[in-house]
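Novice: My structure is below; once you've seen it, I'll send some questions.
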Amino acid sequence: MTTTLPLDRPPVPAPPPPPGPGRGLVVGAARWSAHHKWTALLLWLAFVAAAIVGGGAVGTQEVADGDYGIGASAGADKAIAGADFDEPHTESVLVRAADGGIVDPSSDQLAGLRADLAAASGVAEVSSPQPSADGAAVLYEVTLDVPEGTDAEMDDAASAAAAEVGRVVDEAGAAAPELMVGQVGDASLDAALDQLYEDDLRRAEYLSLPVSLLIMVVVFGALIAAAVPVLLALSSVVAAMGLSAFASHLIPSSDMLASVILLVGMAVGVDYSLFYVRREREERAKGRGTLDAVTVAAATSGRAVVVSGIAVIIAMAGMFFAGEATFESLAVGTILVVAVAVVGSVTALPALLSIFGRWIDRPRIPLLWRLRRGDGADSRLWSAILRPVLRHPRTALFVGVAALLALAAPALGMKLSQPGISDLAQDVPEVQTYDAVTAAFPAEGASHTVAVWSADGAALDTAAVDDAVAALGDDVTGDPRFAVDDGLTAEYSADRSVAEIAVHVPYESDDERAEQSLEVLRNDLVPAAFDGVDGAETGVTGQTAGNVDFRGLLADRMPIVIGFVLLMTIMVLVMAFRSLTVALTAAALNLLSVAAAYGLLTLVFQNTWAESLLGFTSTGALIIWLPLFLFVILFGLSMDYHVFVVSRIREGARAGLTTPEAVRTGIVRSAGVVTSAAVVMVAVFSIFASLGAIEFKQLGIGLAAAILIDATIVRAVLLPSLMVLLGERNWWLPRPLKRLPALEH
């Protein structure tokens, strides 16, 4: 059965009179800001400045190494992080023949290299040359001279000494082109990767601002109107970064926090302002004065921004249930930047609109201004797209759902792993050297770390521990699951309360065989070896253990996170739209959109077909934290469009239009701003997809693809077909839920 509708020119409701000053908090704040425009703007600028200056003054508290531990690794990580191990800082220098031949460790060239390394500033000792089993490589262990001090002081000294080693290595390679000389170590690798991430973040910062501004110029055709959303979003980002420094003293900050605040802040900040500015211009085009136009924009788009912001914040709060330090940090950062963007949109933005008045449309870009359609006018393109959808809603719904389910199907084979060093950017020389070292010397590669610590903090019985370590060494020596040839050795903390033992494996850290060896260690070998050590606790940690434990965390906590986000979002939407149907359909459509994004990511990054296209090397897995983080981000951001579009549809329904007419009018009239907002988000997220770090690339592709799917298939096909089929049932609210307070204005 099909439905024939008068699609060409449905009756359009007359604009309602502007709400009075008492119509709720959002309208009241907007009218106050518009009346006291300079005061409101100065208050906003003072808030941003105070956040920046105050955040810089209090400093940022980073997550401690021991706080990253989860699951079975947590105890071992905490014990090792809290112990004072007298371990020297070292760098490895690898020498290979450029033609792949044999390297003579007794050659004059290598003797000179060793002497130059020993004479370098900050070097305490250089080991004898260690030839590889096939003679194709020689390894030197360089011990750095790092004086005692604070962690930051020691890290700086180690970095400086490692840089001196790097200078010698570069000079040796230039003087002997027949040799390949490389360096890798904790200090040099950390410095290289920090530089890589810093360059990536700087590139994202430099590109996101002009790209967003360029899109806004195209959207508005006027420079001031284009600049206002971008500048407001940027001010929200920097304010949130300052506030996150204060928050870090309650919930410590992770390394990725600044990147995520920038990513989310630019996307939602521009979107919220875009919704508001477009509606204000639409009302002015109908003949309203600036104050009345701002008031109507506050009562409609401003309200939608607040509801959307609340939904996004609730989704981000779901990360607190993950029980992991990084997620908790990211939850704080994203909640702060969204909250700041919402506040700016309903206070500073009305003030700016009141200040500029009709000058908001100046200076005009001649060609773009002429091409720009009048705000609020019907879109011929979207009318054409909606015509078959609304005439054949069942078919459209079936085809749309089938397409997204097909796209989501690859997610059933999703694999998760935290990339090891060899999975990082291959154009980093230290990563290349690491790969070469582990290939030539397997015992230098991936390893499990067995931790032994005293339950009461007292010194361990070192003799008993050494006996247990020897027994463990006998068990793993010669076992093909481990790369141990001559037993194991324990390293003790200064107070002898903690010991750690490295058990190397001949596999990458994310290899299934490495996970099998971990299981053997945890369940059999370590408990059996240390059973007789009184008062000692044991645990096994390391990269492989972290992967296994994180997957276990996701399996345990993901249902809780999803349940919380769904329940709270549904409640917010019920309170906003006074409809359980709208809330349930929004949740279902968002889940479908997220599932499609999961499937697309799996299809792209677990295979090699897109490597040259996107500039990455497949690790055969997705970043282990990505599914949970993507769920909360996408579920929240998808609400931007849903709340805005459904708000316009409800306006039509309240004005007396039939459901099909209200759906068509609401979607067509909001199509321009939703499309523009989606383009901004996709553009900003695509910048992250172009960065070198694999986690940024996967995050950017996942977010960009999901927003594109959401703004096209979901909003143009699934939402209108579903609402037409539901008819008046769209606004159904069970009697018990009518007692919930309303988020009307």
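Within each chain, counting starts at residue 1; across the structure tokens, chains are named A, B, ... in the order shown, with ligands numbered 1 upward in that order.
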Can I get the residues of range 77-111 of chain A within 8 Å of range 149-173 of chain A, each with the closest pair of atoms and their distance in Å to one decimal, using only C-alpha atoms, sorted chain first then ascending number, as JSON lines?

Specialist:
```
{"residue": "A:His89", "atom": "CA", "partner": "A:Ala158", "partner_atom": "CA", "distance": 6.9}
{"residue": "A:Glu91", "atom": "CA", "partner": "A:Ala162", "partner_atom": "CA", "distance": 7.0}
{"residue": "A:Val93", "atom": "CA", "partner": "A:Val169", "partner_atom": "CA", "distance": 7.7}
```

Novice: What does the file look like for those residues with all heavy atoms, as an mmCIF file, in the first residue's frame?

Specialist:
```cif
data_model
loop_
_atom_site.group_PDB
_atom_site.id
_atom_site.type_symbol
_atom_site.label_atom_id
_atom_site.label_comp_id
_atom_site.auth_asym_id
_atom_site.auth_seq_id
_atom_site.Cartn_x
_atom_site.Cartn_y
_atom_site.Cartn_z
ATOM 1 N N HIS A 89 68.711 4.323 32.472
ATOM 2 C CA HIS A 89 68.128 4.666 31.178
ATOM 3 C C HIS A 89 69.088 4.193 30.089
ATOM 4 O O HIS A 89 70.292 4.494 30.134
ATOM 5 C CB HIS A 89 67.927 6.181 31.063
ATOM 6 C CG HIS A 89 66.898 6.720 32.002
ATOM 7 N ND1 HIS A 89 67.120 6.885 33.358
ATOM 8 C CD2 HIS A 89 65.621 7.138 31.783
ATOM 9 C CE1 HIS A 89 66.029 7.383 33.928
ATOM 10 N NE2 HIS A 89 65.110 7.550 33.001
ATOM 11 N N GLU A 91 69.778 3.230 25.725
ATOM 12 C CA GLU A 91 69.436 3.336 24.312
ATOM 13 C C GLU A 91 70.150 2.193 23.581
ATOM 14 O O GLU A 91 71.273 1.824 23.939
ATOM 15 C CB GLU A 91 69.883 4.678 23.728
ATOM 16 C CG GLU A 91 69.118 5.875 24.256
ATOM 17 C CD GLU A 91 67.722 5.973 23.661
ATOM 18 O OE1 GLU A 91 67.571 5.833 22.433
ATOM 19 O OE2 GLU A 91 66.772 6.187 24.440
ATOM 20 N N VAL A 93 71.752 0.853 20.037
ATOM 21 C CA VAL A 93 72.277 1.289 18.744
ATOM 22 C C VAL A 93 72.531 0.048 17.904
ATOM 23 O O VAL A 93 73.283 -0.843 18.314
ATOM 24 C CB VAL A 93 73.563 2.117 18.902
ATOM 25 C CG1 VAL A 93 74.156 2.444 17.531
ATOM 26 C CG2 VAL A 93 73.276 3.402 19.672
#
```

Novice: Neighbours of Thr658 in chain A within 9 Å (only C-alpha atoms; same-chain residues fewer than 6 positions away dropped), as a list in words?

Specialist: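 So the residues in contact are Gly652, Gly727 and Glu728 of chain A.
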
Novice: Find the residues of range 162-206 of chain A that sit at most 7 Å from range 427-448 of chain A; for each, write down the nearest two atoms and how far apart they are in Å, to one decimal. Count only C-alpha atoms. Sort by chain, then by number going up, and give it as JSON lines.

Specialist:
```
{"residue": "A:Gly182", "atom": "CA", "partner": "A:Thr433", "partner_atom": "CA", "distance": 5.6}
{"residue": "A:Gln183", "atom": "CA", "partner": "A:Glu430", "partner_atom": "CA", "distance": 6.1}
{"residue": "A:Val184", "atom": "CA", "partner": "A:Glu430", "partner_atom": "CA", "distance": 5.1}
{"residue": "A:Leu189", "atom": "CA", "partner": "A:Glu430", "partner_atom": "CA", "distance": 5.9}
```

Novice: Those same residues, written as a tab-separated table (two decimals), in the first residue's frame with N, CA and C atoms?

Specialist:
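The file below, result-v2.tsv, is the result:
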```
chain	number	residue	atom	x	y	z
A	182	GLY	N	71.22	2.75	13.40
A	182	GLY	CA	69.96	3.25	13.95
A	182	GLY	C	69.95	3.21	15.46
A	183	GLN	N	69.04	3.96	16.03
A	183	GLN	CA	68.94	4.10	17.48
A	183	GLN	C	67.51	3.92	17.93
A	184	VAL	N	67.29	3.28	19.08
A	184	VAL	CA	65.98	3.20	19.69
A	184	VAL	C	66.14	2.98	21.18
A	189	LEU	N	62.52	7.05	21.62
A	189	LEU	CA	61.22	6.68	21.05
A	189	LEU	C	60.12	7.58	21.59
```

Novice: Might you pull out every residue within 12 Å of Ile385 in chain A, with only C-alpha atoms counted and same-chain residues fewer than 6 positions away left off, and present them as an NGL selection string?

Specialist: :A and (7 or 379 or 391-392 or 396 or 664 or 667-668 or 671 or 712-713 or 715-717 or 720-721)

Novice: Filtering to C-alpha atoms, could you give me those residues as a PDB file, in the first residue's frame?

Specialist:
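So again32.pdb came out as:
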```
ATOM      1  CA  LEU A   7       4.314  16.996  -2.018  1.00  0.00           C
ATOM      2  CA  SER A 379      15.216  22.873  -1.051  1.00  0.00           C
ATOM      3  CA  ARG A 391       5.219   8.095  -1.341  1.00  0.00           C
ATOM      4  CA  HIS A 392       6.634   4.628  -0.577  1.00  0.00           C
ATOM      5  CA  ALA A 396      12.166   3.212   1.767  1.00  0.00           C
ATOM      6  CA  ARG A 664       8.140  16.981   4.691  1.00  0.00           C
ATOM      7  CA  ILE A 667      12.979  18.061   6.875  1.00  0.00           C
ATOM      8  CA  VAL A 668      13.033  20.261   3.787  1.00  0.00           C
ATOM      9  CA  ALA A 671      17.851  20.350   5.229  1.00  0.00           C
ATOM     10  CA  THR A 712      21.898  11.304   4.716  1.00  0.00           C
ATOM     11  CA  ILE A 713      20.465   7.795   4.985  1.00  0.00           C
ATOM     12  CA  ARG A 715      17.684  11.695   8.278  1.00  0.00           C
ATOM     13  CA  ALA A 716      16.615  11.606   4.601  1.00  0.00           C
ATOM     14  CA  VAL A 717      15.280   8.039   4.372  1.00  0.00           C
ATOM     15  CA  PRO A 720      10.826  10.457   7.396  1.00  0.00           C
ATOM     16  CA  SER A 721       9.596   7.019   6.288  1.00  0.00           C
TER      17      SER A 721
END
```

Novice: Could you go through range 325-554 of chain A and tell me which residues DSSP, when run on the backbone, assigns to helix (DSSP H, G or I), listing them as a PyMOL selection string?

Specialist: chain A and resi 325-346+348-361+366-371+380-391+393-413+421-423+429-440+442-444+462-476+512-530+543-554

Novice: Given the choices A:Val465, A:Ala258, A:Val264, A:Val604, which gets closest to Leu243 in chain A if the distance is worked out from only C-alpha atoms?

Specialist: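 Of A:Val465, A:Ala258, A:Val264, A:Val604, the one nearest Leu243 in chain A, counting only C-alpha atoms, is A:Ala258.
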
Novice: Could you pull out all residues of range 460-544 of chain A with a DSSP call of strand (DSSP E) and give them as a ChimeraX atom specification?

Specialist: /A:491-492,498-504,536-541

Novice: Store the residues picked out above in a file with C-alpha atoms, as a PDB file, in the first residue's frame.

Specialist:
```
ATOM      1  CA  GLU A 491      65.044  -6.888  39.138  1.00  0.00           C
ATOM      2  CA  TYR A 492      64.313  -5.526  42.634  1.00  0.00           C
ATOM      3  CA  VAL A 498      58.759  -5.282  44.512  1.00  0.00           C
ATOM      4  CA  ALA A 499      60.405  -7.465  41.904  1.00  0.00           C
ATOM      5  CA  GLU A 500      59.815  -7.621  38.166  1.00  0.00           C
ATOM      6  CA  ILE A 501      60.812 -10.315  35.722  1.00  0.00           C
ATOM      7  CA  ALA A 502      60.748  -9.898  31.937  1.00  0.00           C
ATOM      8  CA  VAL A 503      59.635 -13.017  30.060  1.00  0.00           C
ATOM      9  CA  HIS A 504      60.213 -12.457  26.346  1.00  0.00           C
ATOM     10  CA  ALA A 536      54.009 -12.225  48.225  1.00  0.00           C
ATOM     11  CA  GLU A 537      51.436 -11.360  45.598  1.00  0.00           C
ATOM     12  CA  THR A 538      52.001 -11.855  41.887  1.00  0.00           C
ATOM     13  CA  GLY A 539      50.611 -10.590  38.616  1.00  0.00           C
ATOM     14  CA  VAL A 540      51.498 -10.542  34.945  1.00  0.00           C
ATOM     15  CA  THR A 541      51.291  -7.323  32.950  1.00  0.00           C
TER      16      THR A 541
END
```

Novice: Between A:Val296, A:Leu113, A:Ile360, A:Ile261, which residue has the minimum interatomic distance to Ile335 in chain A, considering only C-alpha atoms?

Specialist: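 The closest residue to Ile335 in chain A is A:Ile261.
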
Novice: Using only C-alpha atoms, can you tell me which of A:Ala402, A:Leu626, A:Val548, A:Leu110 comes closest to Ser128 in chain A?

Specialist: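 Ranking A:Ala402, A:Leu626, A:Val548, A:Leu110 by distance to Ser128 in chain A, first place goes to A:Leu110.
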
Novice: Quick one: pull the distance between CA of Leu179 in chain A and CA of Arg114 in chain A, Å, one decimal.

Specialist: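 According to the coordinates, CA of Leu179 in chain A and CA of Arg114 in chain A are separated by 14.3 Å.
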
Novice: Please list as a list of chain:residue names every residue within 9 Å of Val219 in chain A, counting only C-alpha atoms and excluding residues in the same chain fewer than 2 positions away.

Specialist: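 In the requested form, the answer reads A:Leu214, A:Ile215, A:Met216, A:Val217, A:Gly221, A:Ala222, A:Ala226, A:Leu368, A:Arg372, A:Gly672, A:Val673, A:Ser676.
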
Novice: Store the residues picked out above, limited to N, CA, C and O atoms, as a tab-separated table (two decimals), in the first residue's frame.

Specialist:
```tsv
chain	number	residue	atom	x	y	z
A	214	LEU	N	36.00	28.29	5.88
A	214	LEU	CA	35.69	28.24	4.46
A	214	LEU	C	34.30	27.67	4.21
A	214	LEU	O	33.53	28.19	3.38
A	215	ILE	N	33.95	26.62	4.95
A	215	ILE	CA	32.61	26.02	4.79
A	215	ILE	C	31.54	27.01	5.19
A	215	ILE	O	30.51	27.16	4.53
A	216	MET	N	31.78	27.73	6.28
A	216	MET	CA	30.79	28.72	6.72
A	216	MET	C	30.65	29.86	5.71
A	216	MET	O	29.55	30.40	5.52
A	217	VAL	N	31.75	30.25	5.07
A	217	VAL	CA	31.67	31.28	4.04
A	217	VAL	C	30.78	30.81	2.90
A	217	VAL	O	29.93	31.56	2.39
A	221	GLY	N	27.65	32.96	2.68
A	221	GLY	CA	27.92	33.94	1.63
A	221	GLY	C	28.30	35.30	2.18
A	221	GLY	O	28.31	36.29	1.44
A	222	ALA	N	28.61	35.38	3.48
A	222	ALA	CA	28.98	36.65	4.11
A	222	ALA	C	30.04	36.36	5.18
A	222	ALA	O	29.94	35.38	5.91
A	226	ALA	N	29.87	34.01	8.67
A	226	ALA	CA	30.72	32.82	8.64
A	226	ALA	C	31.67	32.77	9.83
A	226	ALA	O	31.94	31.70	10.38
A	368	LEU	N	28.90	33.86	-4.05
A	368	LEU	CA	28.30	32.97	-3.06
A	368	LEU	C	26.99	33.55	-2.53
A	368	LEU	O	26.05	32.82	-2.26
A	372	ARG	N	23.36	31.67	-2.77
A	372	ARG	CA	22.74	31.22	-1.53
A	372	ARG	C	21.23	31.40	-1.61
A	372	ARG	O	20.73	32.46	-1.96
A	672	GLY	N	18.97	22.45	4.75
A	672	GLY	CA	20.15	23.26	4.49
A	672	GLY	C	21.07	23.34	5.69
A	672	GLY	O	22.29	23.12	5.58
A	673	VAL	N	20.52	23.63	6.87
A	673	VAL	CA	21.36	23.77	8.05
A	673	VAL	C	21.92	22.42	8.50
A	673	VAL	O	23.07	22.32	8.93
A	676	SER	N	24.72	21.58	6.11
A	676	SER	CA	25.88	22.42	6.40
A	676	SER	C	26.59	21.95	7.66
A	676	SER	O	27.83	21.88	7.71
```

Novice: For the atom pair CA of Gln61 in chain A and CA of Ser253 in chain A, what is the interatomic distance in Å to one decimal place?

Specialist: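 Value for the CA of Gln61 in chain A-CA of Ser253 in chain A distance: 6.0 Å.
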
Novice: Write out as a PyMOL selection string the residues lying within 12 Å of Asp486 in chain A, counting only C-alpha atoms and excluding same-chain residues fewer than 4 positions away.

Specialist: chain A and resi 443+470+472-479+482+503-504

Novice: In Å, with one decimal, what is the gap from CA of Leu718 in chain A to CA of Leu397 in chain A?

Specialist: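 A separation of 5.4 Å between them.
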
Novice: Which of these residues is nearest to Asp361 in chain A, using only C-alpha atoms: A:Ala175, A:Leu139, A:Ala458, A:Val228?

Specialist: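 Looking at the shortest contact to Asp361 in chain A, the residue is A:Val228.
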
Novice: Any idea what's packed within 12 Å of Ala528 in chain A, counting only C-alpha atoms, ignoring anything in its chain fewer than 2 positions away? Could you give it as JSON, numbers by chain?

Specialist: {"A": [468, 469, 471, 472, 475, 520, 521, 522, 523, 524, 525, 526, 530, 531, 532, 533, 538]}
